[in-house]
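Engineer: Please find start.tsv (TSV, C-alpha atoms and all ligand atoms) on the next line:
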chain	number	residue	atom	x	y	z
A	1	MET	CA	6.46	27.85	3.64
A	2	PHE	CA	4.36	24.71	3.25
A	3	ASP	CA	0.62	25.26	3.73
A	4	LEU	CA	-1.91	22.55	4.66
A	5	ARG	CA	-4.24	24.06	2.04
A	6	ASP	CA	-1.76	23.08	-0.71
A	7	LEU	CA	-2.04	19.33	-0.10
A	8	ALA	CA	-3.28	17.29	-3.07
A	9	LEU	CA	-5.26	15.16	-0.57
A	10	PRO	CA	-6.48	16.64	2.73
A	11	ILE	CA	-4.99	13.79	4.77
A	12	ILE	CA	-2.23	13.81	7.36
A	13	GLY	CA	-0.64	10.56	8.48
A	14	ALA	CA	-0.46	11.08	12.23
A	15	PRO	CA	2.91	10.74	13.91
A	16	MET	CA	2.84	7.51	15.94
A	17	ALA	CA	5.84	7.14	18.21
A	18	GLY	CA	6.88	3.84	19.72
A	19	GLY	CA	7.11	1.81	16.50
A	20	PRO	CA	4.10	2.30	14.17
A	21	THR	CA	5.55	5.30	12.32
A	22	THR	CA	8.30	4.36	9.87
A	23	PRO	CA	9.93	6.37	7.09
A	24	GLU	CA	8.10	4.01	4.71
A	25	LEU	CA	4.71	4.95	6.19
A	26	ALA	CA	5.44	8.70	6.20
A	27	ALA	CA	6.66	8.48	2.59
A	28	ALA	CA	3.65	6.44	1.49
A	29	VAL	CA	1.26	9.08	2.87
A	30	SER	CA	3.24	11.83	1.24
A	31	ASN	CA	3.48	9.99	-2.11
A	32	ALA	CA	-0.29	9.48	-2.02
A	33	GLY	CA	-0.73	13.27	-1.88
A	34	GLY	CA	-1.08	13.76	1.87
A	35	LEU	CA	1.33	14.94	4.56
A	36	GLY	CA	3.33	12.13	6.15
A	37	PHE	CA	4.86	12.55	9.61
A	38	LEU	CA	7.89	11.13	11.33
A	39	ALA	CA	7.48	10.60	15.08
A	40	ALA	CA	10.59	11.81	16.93
A	41	GLY	CA	9.23	10.97	20.40
A	42	TYR	CA	11.24	8.39	22.45
A	43	ARG	CA	13.74	8.15	19.59
A	44	ALA	CA	17.45	8.96	19.98
A	45	PRO	CA	18.45	12.11	18.05
A	46	GLU	CA	20.76	10.05	15.77
A	47	ASP	CA	17.80	7.80	14.88
A	48	LEU	CA	15.72	10.83	13.94
A	49	GLU	CA	18.54	12.00	11.64
A	50	GLU	CA	18.67	8.56	10.07
A	51	GLN	CA	14.89	8.52	9.57
A	52	LEU	CA	14.99	11.95	7.94
A	53	ARG	CA	17.69	10.74	5.55
A	54	SER	CA	15.71	7.61	4.83
A	55	VAL	CA	12.41	9.37	4.16
A	56	SER	CA	14.08	11.82	1.79
A	57	THR	CA	15.13	8.88	-0.40
A	58	LEU	CA	11.55	7.55	-0.45
A	59	THR	CA	9.57	10.69	-1.29
A	60	GLY	CA	9.98	14.16	-2.69
A	61	GLY	CA	6.65	15.18	-1.16
A	62	PRO	CA	6.02	17.06	2.08
A	63	VAL	CA	6.93	15.34	5.35
A	64	GLY	CA	6.58	16.64	8.89
A	65	VAL	CA	8.36	15.78	12.14
A	66	ASN	CA	6.59	15.56	15.50
A	67	LEU	CA	8.35	16.43	18.78
A	68	PHE	CA	7.32	15.97	22.43
A	69	VAL	CA	7.50	19.23	24.40
A	70	PRO	CA	9.36	18.70	27.71
A	71	ASP	CA	7.50	19.25	30.99
A	72	SER	CA	9.03	20.06	34.36
A	73	PHE	CA	6.08	18.61	36.35
A	74	GLN	CA	7.35	16.64	39.34
A	75	PRO	CA	4.81	14.10	40.61
A	76	ASP	CA	4.43	13.42	44.31
A	77	ALA	CA	7.04	10.85	45.42
A	78	ALA	CA	4.58	9.02	47.69
A	79	LEU	CA	2.16	8.57	44.77
A	80	LEU	CA	4.98	7.19	42.61
A	81	ASP	CA	5.99	4.77	45.40
A	82	ALA	CA	2.42	3.56	45.79
A	83	TYR	CA	2.12	3.09	42.05
A	84	ALA	CA	5.41	1.14	41.92
A	85	GLN	CA	4.05	-1.10	44.68
A	86	SER	CA	0.87	-1.74	42.68
A	87	LEU	CA	2.98	-2.86	39.69
A	88	ARG	CA	5.30	-5.28	41.53
A	89	ALA	CA	3.22	-8.47	41.28
A	90	GLU	CA	2.67	-7.95	37.55
A	91	ALA	CA	6.37	-7.21	37.05
A	92	ALA	CA	7.29	-10.39	38.93
A	93	SER	CA	4.98	-12.49	36.80
A	94	LEU	CA	6.67	-11.06	33.69
A	95	GLU	CA	10.08	-11.69	35.33
A	96	VAL	CA	11.16	-8.03	35.25
A	97	GLU	CA	11.57	-5.20	37.79
A	98	VAL	CA	9.49	-2.03	37.87
A	99	GLY	CA	11.53	0.74	36.19
A	100	GLU	CA	12.90	3.80	38.02
A	101	PRO	CA	10.71	6.89	37.64
A	102	ARG	CA	12.52	9.86	36.14
A	103	ASN	CA	12.00	12.91	33.99
A	104	ASP	CA	13.88	13.79	30.84
A	105	ASP	CA	13.46	16.17	27.94
A	106	ASP	CA	13.46	13.53	25.16
A	107	GLY	CA	16.55	15.11	23.56
A	108	TRP	CA	14.77	18.42	23.00
A	109	ASP	CA	17.70	20.68	22.05
A	110	ALA	CA	19.35	18.07	19.84
A	111	LYS	CA	16.10	17.32	18.02
A	112	LEU	CA	15.34	21.02	17.49
A	113	ALA	CA	18.79	21.45	15.95
A	114	ILE	CA	18.23	18.42	13.69
A	115	VAL	CA	14.91	19.64	12.33
A	116	LEU	CA	16.23	23.17	11.85
A	117	ALA	CA	19.05	21.73	9.74
A	118	ALA	CA	16.89	19.21	7.82
A	119	LYS	CA	14.04	21.68	7.19
A	120	PRO	CA	11.07	19.30	6.83
A	121	ALA	CA	7.84	20.83	5.50
A	122	ALA	CA	6.33	21.02	9.00
A	123	VAL	CA	7.21	20.41	12.64
A	124	SER	CA	4.37	19.63	15.02
A	125	PHE	CA	4.62	19.72	18.80
A	126	THR	CA	2.59	17.77	21.31
A	127	PHE	CA	2.25	17.68	25.14
A	128	GLY	CA	2.38	21.46	25.35
A	129	CYS	CA	3.25	24.61	23.46
A	130	PRO	CA	6.89	25.56	22.93
A	131	ASP	CA	7.81	29.16	23.62
A	132	ALA	CA	7.52	31.81	20.93
A	133	ALA	CA	11.27	31.76	20.26
A	134	VAL	CA	11.18	28.07	19.22
A	135	LEU	CA	8.13	28.51	16.99
A	136	GLY	CA	9.72	31.65	15.52
A	137	ARG	CA	12.95	29.76	14.71
A	138	MET	CA	10.94	27.13	12.83
A	139	ALA	CA	9.04	29.73	10.84
A	140	GLY	CA	12.28	31.64	10.20
A	141	ALA	CA	13.77	28.46	8.70
A	142	GLY	CA	10.75	28.10	6.40
A	143	ILE	CA	9.28	25.19	8.41
A	144	LEU	CA	5.54	25.26	9.16
A	145	PRO	CA	5.26	25.35	13.00
A	146	MET	CA	2.22	23.32	14.17
A	147	VAL	CA	1.00	22.70	17.73
A	148	THR	CA	-1.36	19.95	18.85
A	149	VAL	CA	-4.30	21.39	20.81
A	150	THR	CA	-7.39	19.91	22.42
A	151	THR	CA	-9.37	23.04	23.39
A	152	PRO	CA	-10.07	26.52	22.01
A	153	ALA	CA	-8.05	28.00	24.91
A	154	GLU	CA	-4.98	25.93	23.99
A	155	ALA	CA	-5.49	26.95	20.36
A	156	ALA	CA	-5.56	30.65	21.24
A	157	PHE	CA	-2.39	30.24	23.32
A	158	ALA	CA	-0.57	28.38	20.53
A	159	VAL	CA	-1.54	30.89	17.85
A	160	ALA	CA	-0.42	33.77	20.09
A	161	ALA	CA	2.94	31.98	20.55
A	162	GLY	CA	3.41	31.72	16.78
A	163	ALA	CA	1.82	28.44	15.63
A	164	ARG	CA	0.94	28.79	11.92
A	165	ALA	CA	-1.28	25.66	11.87
A	166	LEU	CA	-2.91	23.50	14.54
A	167	ALA	CA	-3.42	19.76	14.93
A	168	VAL	CA	-6.77	19.69	16.72
A	169	GLN	CA	-7.15	16.41	18.57
A	170	GLY	CA	-10.55	15.15	19.64
A	171	PRO	CA	-11.47	12.81	22.51
A	172	ASN	CA	-11.74	9.68	20.32
A	173	ALA	CA	-8.09	9.79	19.24
A	174	GLY	CA	-5.82	6.81	19.73
A	175	GLY	CA	-2.60	7.20	21.71
A	176	HIS	CA	-1.76	10.08	24.00
A	177	ARG	CA	-3.92	13.14	24.42
A	178	GLY	CA	-1.96	16.25	23.64
A	179	ASN	CA	-3.52	18.45	26.34
A	180	PHE	CA	-1.00	21.00	27.61
A	181	ASP	CA	-1.45	20.39	31.37
A	182	GLN	CA	-0.96	16.72	32.16
A	183	ARG	CA	-2.56	17.12	35.60
A	184	GLU	CA	-5.94	17.99	34.07
A	185	ALA	CA	-8.33	15.35	32.77
A	186	PRO	CA	-8.60	15.90	29.01
A	187	THR	CA	-11.75	17.44	27.61
A	188	GLY	CA	-14.49	15.16	26.30
A	189	GLN	CA	-15.89	17.97	24.14
A	190	LEU	CA	-16.88	16.81	20.67
A	191	LEU	CA	-14.20	17.51	18.08
A	192	GLU	CA	-16.66	19.44	15.89
A	193	GLU	CA	-17.49	21.74	18.80
A	194	THR	CA	-13.83	22.33	19.56
A	195	LEU	CA	-13.22	23.11	15.87
A	196	ALA	CA	-16.09	25.59	15.86
A	197	GLY	CA	-14.73	27.26	19.00
A	198	ILE	CA	-11.27	27.58	17.44
A	199	ARG	CA	-12.62	28.78	14.08
A	200	ALA	CA	-14.49	31.58	15.84
A	201	SER	CA	-11.21	33.22	16.82
A	202	THR	CA	-8.54	32.26	14.28
A	203	ASP	CA	-8.13	31.47	10.61
A	204	VAL	CA	-4.91	29.41	10.84
A	205	PRO	CA	-5.24	26.10	8.96
A	206	LEU	CA	-6.53	23.24	11.10
A	207	ALA	CA	-5.82	19.51	10.91
A	208	ALA	CA	-8.53	17.66	12.85
A	209	GLY	CA	-8.15	14.10	14.11
A	210	GLY	CA	-9.48	11.50	16.48
A	211	GLY	CA	-11.61	8.47	15.67
A	212	VAL	CA	-11.60	8.97	11.89
A	213	SER	CA	-12.55	5.64	10.34
A	214	GLY	CA	-14.29	6.37	7.05
A	215	PRO	CA	-15.15	8.97	4.41
A	216	GLY	CA	-18.12	10.24	6.43
A	217	ASP	CA	-15.77	11.35	9.23
A	218	VAL	CA	-13.51	13.16	6.77
A	219	VAL	CA	-16.44	15.03	5.20
A	220	ARG	CA	-17.87	15.92	8.62
A	221	LEU	CA	-14.57	17.33	9.91
A	222	ARG	CA	-13.92	19.26	6.71
A	223	ASP	CA	-17.45	20.69	6.93
A	224	SER	CA	-16.65	21.69	10.53
A	225	GLY	CA	-13.79	23.91	9.40
A	226	ALA	CA	-10.75	21.60	9.18
A	227	GLU	CA	-8.47	22.02	6.16
A	228	ALA	CA	-7.06	18.52	6.65
A	229	VAL	CA	-7.83	15.38	8.63
A	230	GLN	CA	-5.19	13.57	10.69
A	231	VAL	CA	-5.46	9.79	10.87
A	232	GLY	CA	-3.48	7.45	13.08
A	233	THR	CA	-5.34	4.28	14.04
A	234	ALA	CA	-6.64	3.78	10.48
A	235	LEU	CA	-2.99	3.34	9.39
A	236	LEU	CA	-1.86	1.03	12.23
A	237	LEU	CA	-2.45	-2.13	10.17
A	238	SER	CA	-1.00	-0.72	6.95
A	239	ASP	CA	1.80	-2.65	5.25
A	240	GLU	CA	4.26	0.20	5.83
A	241	ALA	CA	3.53	0.66	9.55
A	242	GLY	CA	5.94	-0.73	12.16
A	243	THR	CA	3.07	-1.77	14.47
A	244	ASN	CA	4.18	-4.87	16.38
A	245	ALA	CA	2.51	-8.24	15.81
A	246	LEU	CA	0.78	-8.30	19.20
A	247	HIS	CA	-0.74	-4.85	18.63
A	248	ARG	CA	-1.82	-5.82	15.10
A	249	SER	CA	-3.58	-8.96	16.25
A	250	ALA	CA	-5.25	-7.24	19.21
A	251	LEU	CA	-6.64	-4.57	16.85
A	252	SER	CA	-8.05	-7.08	14.40
A	253	GLU	CA	-9.07	-10.07	16.55
A	254	GLY	CA	-11.99	-8.47	18.35
A	255	ARG	CA	-10.96	-9.81	21.76
A	256	PHE	CA	-10.99	-6.25	23.19
A	257	PRO	CA	-14.18	-4.62	21.94
A	258	ARG	CA	-13.71	-1.23	23.65
A	259	THR	CA	-11.11	1.50	24.15
A	260	SER	CA	-10.49	3.63	27.25
A	261	LEU	CA	-8.48	6.61	28.31
A	262	THR	CA	-5.83	5.60	30.79
A	263	ARG	CA	-2.84	7.02	32.65
A	264	ALA	CA	-1.73	3.53	33.69
A	265	TYR	CA	1.11	3.14	31.20
A	266	THR	CA	2.78	6.55	31.06
A	267	GLY	CA	1.19	8.95	33.56
A	268	ARG	CA	-0.44	10.91	30.72
A	269	TYR	CA	-3.89	10.10	29.43
A	270	ALA	CA	-3.84	7.92	26.32
A	271	ARG	CA	-6.51	5.87	24.54
A	272	GLY	CA	-5.95	2.16	24.07
A	273	LEU	CA	-7.81	-1.14	23.87
A	274	THR	CA	-9.36	-1.84	27.28
A	275	ASN	CA	-7.30	-4.74	28.59
A	276	ARG	CA	-6.73	-6.10	32.08
A	277	PHE	CA	-3.81	-3.73	32.84
A	278	ILE	CA	-5.98	-0.68	32.16
A	279	LEU	CA	-8.84	-2.05	34.25
A	280	GLU	CA	-6.55	-2.89	37.18
A	281	HIS	CA	-4.73	0.47	37.24
A	282	GLN	CA	-7.51	3.01	37.00
A	283	ASP	CA	-5.99	4.88	39.96
A	284	ALA	CA	-2.69	5.64	38.21
A	285	PRO	CA	-1.43	9.13	39.11
A	286	ALA	CA	-0.38	11.91	36.71
A	287	GLY	CA	3.35	11.76	36.06
A	288	TYR	CA	4.69	11.76	32.51
A	289	PRO	CA	7.33	10.56	31.68
A	290	HIS	CA	7.92	9.10	35.15
A	291	LEU	CA	5.30	6.35	34.79
A	292	HIS	CA	6.46	5.74	31.23
A	293	TYR	CA	9.85	4.71	32.65
A	294	MET	CA	8.30	2.71	35.50
A	295	THR	CA	6.18	0.57	33.17
A	296	ALA	CA	8.76	0.32	30.34
A	297	PRO	CA	10.19	-3.06	31.45
A	298	LEU	CA	6.67	-4.48	31.87
A	299	ARG	CA	5.53	-3.23	28.46
A	300	LYS	CA	8.65	-4.53	26.75
A	301	ALA	CA	8.32	-7.96	28.37
A	302	ALA	CA	4.58	-8.11	27.65
A	303	VAL	CA	5.15	-7.41	23.94
A	304	ALA	CA	7.99	-9.96	23.79
A	305	GLN	CA	5.86	-12.57	25.58
A	306	GLY	CA	2.75	-11.90	23.48
A	307	ASN	CA	0.81	-10.77	26.54
A	308	ALA	CA	-2.04	-8.52	25.34
A	309	ASP	CA	-3.50	-8.29	28.86
A	310	VAL	CA	-0.56	-6.12	29.89
A	311	ALA	CA	0.89	-4.58	26.69
A	312	HIS	CA	-0.16	-1.05	25.73
A	313	LEU	CA	-2.42	-1.31	22.68
A	314	TRP	CA	-3.06	2.27	21.60
A	315	ALA	CA	-6.21	2.62	19.52
A	316	GLY	CA	-8.76	5.28	18.66
A	317	THR	CA	-12.46	4.54	18.91
A	318	GLY	CA	-12.61	3.74	15.18
A	319	PHE	CA	-10.14	0.85	15.43
A	320	ALA	CA	-12.62	-1.82	14.29
A	321	SER	CA	-12.59	-0.26	10.80
A	322	ALA	CA	-8.79	-0.37	10.48
A	323	ARG	CA	-7.74	-2.53	7.55
A	324	GLN	CA	-4.60	-4.08	6.18
A	325	GLY	CA	-3.00	-3.15	2.88
A	326	PRO	CA	-0.87	-0.41	1.37
A	327	ALA	CA	-1.25	2.95	3.14
A	328	ALA	CA	-2.16	4.57	-0.20
A	329	GLU	CA	-5.20	2.28	-0.50
A	330	ILE	CA	-6.27	2.95	3.08
A	331	ILE	CA	-6.07	6.69	2.42
A	332	GLU	CA	-8.04	6.33	-0.78
A	333	SER	CA	-10.75	4.47	1.15
A	334	LEU	CA	-11.10	7.47	3.47
A	335	LEU	CA	-11.88	9.89	0.65
B	401	LIG	C1	0.03	4.27	18.30
B	401	LIG	C2	-0.15	5.76	18.34
B	401	LIG	C3	0.96	6.56	18.62
B	401	LIG	C4	0.83	7.96	18.65
B	401	LIG	N1	1.94	8.74	18.85
B	401	LIG	C5	1.85	10.08	18.73
B	401	LIG	C6	3.02	10.89	18.74
B	401	LIG	O1	4.15	10.42	18.84
B	401	LIG	N2	2.86	12.23	18.65
B	401	LIG	C7	1.62	12.81	18.48
B	401	LIG	O2	1.54	14.04	18.37
B	401	LIG	N3	0.51	12.07	18.45
B	401	LIG	C8	0.60	10.73	18.55
B	401	LIG	N4	-0.55	9.97	18.45
B	401	LIG	C9	-1.85	10.63	18.28
B	401	LIG	C10	-2.07	10.98	16.81
B	401	LIG	O3	-1.26	12.09	16.45
B	401	LIG	C11	-3.53	11.37	16.51
B	401	LIG	O4	-3.97	12.38	17.37
B	401	LIG	C12	-4.48	10.20	16.61
B	401	LIG	O5	-3.91	9.05	16.05
B	401	LIG	C13	-5.78	10.51	15.89
B	401	LIG	O6	-6.78	9.63	16.26
B	401	LIG	P1	-7.02	8.20	15.56
B	401	LIG	O7	-5.91	7.33	16.09
B	401	LIG	O8	-8.34	7.79	16.06
B	401	LIG	O9	-6.90	8.40	14.08
B	401	LIG	C14	-0.44	8.56	18.43
B	401	LIG	C15	-1.54	7.75	18.15
B	401	LIG	C16	-1.41	6.37	18.09
B	401	LIG	C17	-2.61	5.53	17.73
Could you spell out this file's structure in structure tokens?
Ligand SMILES: Cc1cc2nc3c(=O)[nH]c(=O)nc-3n(C[C@H](O)[C@H](O)[C@H](O)COP(=O)(O)O)c2cc1C
Structural biologist:
Amino acid sequence: MFDLRDLALPIIGAPMAGGPTTPELAAAVSNAGGLGFLAAGYRAPEDLEEQLRSVSTLTGGPVGVNLFVPDSFQPDAALLDAYAQSLRAEAASLEVEVGEPRNDDDGWDAKLAIVLAAKPAAVSFTFGCPDAAVLGRMAGAGILPMVTVTTPAEAAFAVAAGARALAVQGPNAGGHRGNFDQREAPTGQLLEETLAGIRASTDVPLAAGGGVSGPGDVVRLRDSGAEAVQVGTALLLSDEAGTNALHRSALSEGRFPRTSLTRAYTGRYARGLTNRFILEHQDAPAGYPHLHYMTAPLRKAAVAQGNADVAHLWAGTGFASARQGPAAEIIESLL
């Protein structure tokens, strides 16, 4: 079974669902000596199969696949109605309707079957911990089962369920927080402290990420007990990333100088550039993926219309250091 400690470079290219992750980006990270990831979230199972085929033609190195763990949480209908009401004027100005809130499992069974057949080096899970049977099936197929955690308690739970490595996500990370319980506000505990808390009780390999923007961050996290460092935002402007043009320009233009954690787009906390939409919807309720479906038409129209005030612009706190160029050069600059 693949082991994070065997990587030539201690760098993991974070899975970034919604466009930024491409087979080309995952392969570039892997060819540079790190662990590239495909992001299966939001993607149809057939697309994941196609991406796995594609990446296997681009690299012979290790590649992981990231899956969203389904959640049966049912948000309060009155809160969803009130949130829909608060979105209507914005939707009208974008000439779309607010989407219908609903839950789904993101093709869970089909995607599990696909990864079990394709046998990537690793499968990481976020938004919760799968049950022991799922993690055991991965390990049984020779696939490294990884779980994203944000606290020592989540880490202990995941290791007890059979995780053989952890992606430890700190509060500065771009995109969604991977905390198990979406109703709880994510911890603001420093990543180094979380790593120390986890290291005190387990020796499974750790990949630490969140806000990594230069070599100093990599050294600091490795000194804090992480075998590898997971970077997302630093790769958003890379040549191989599928980051859309609006997101790219917002990251590099300096118009939005800060990031914030928000539930406004999807009902789960995520970190993005602080734009008008985030500021106007600070009261958004918990409810993933319900809010994701409600805001989908607005987000799609905003991206198409080049409207950075409304589009979701995921970014970690280190976004100002993100640079363009081949992913291999960006990785080299982190070491
Ligand atoms: C645009 C974007 C999309 C992301 N999508 C996913 C995802 O699909 N699955 C996942 O586990 N993490 C996702 N993340 C979080 C990353 O795995 C990682 O925790 C984060 O990028 C690390 O922080 P950094 O962005 O500051 O490097 C995403 C992050 C970004 C920026």
Engineer: Output the neighbourhood of ligand LIG 401 (chain B) as an MDAnalysis selection string, that is, all protein and nucleic acid residues with some atom at most 8 Å from the ligand, counting all atoms listed in the file.
Structural biologist: chainID A and resid 14:21 39:41 66:68 124:127 148 167:170 172:178 209:213 230:236 243 271:272 313:319
Engineer: Could you work out how far CA of Ala270 (chain A) lies from CA of Thr202 (chain A), giving the answer in Å with one decimal?
Structural biologist: 27.6 Å
Engineer: List the residues sitting within 10 Å of (6.2, 0.2, 42.3) in the file's frame, using all atoms listed in the file, as a VMD selection string.
Structural biologist: chain A and resid 79 to 89 91 97 to 101 291 294 to 295
Engineer: Ranking A:Ala228, A:Leu251, A:Leu7, A:Leu190 by minimum distance to Ala207 (chain A) and counting only C-alpha atoms, which one comes first?
Structural biologist: A:Ala228
Engineer: Excluding Glu49 (chain A) and any residue of its chain fewer than 6 positions from it, enumerate the residues within 12 Å of it, using only C-alpha atoms, and give them as a list in words.
Structural biologist: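 Result of the neighbour search: Pro23, Leu38, Ala39, Ala40, Arg43, Val55, Ser56, Val65, Ala110, Lys111, Leu112, Ala113, Ile114, Val115, Leu116, Ala117, Ala118, Lys119 and Pro120 of chain A.
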Engineer: Restricting the calculation to only C-alpha atoms: of A:Val134, A:Pro45, A:Leu58, A:Leu221, which residue gets closest to Ser30 (chain A)?
Structural biologist: A:Leu58
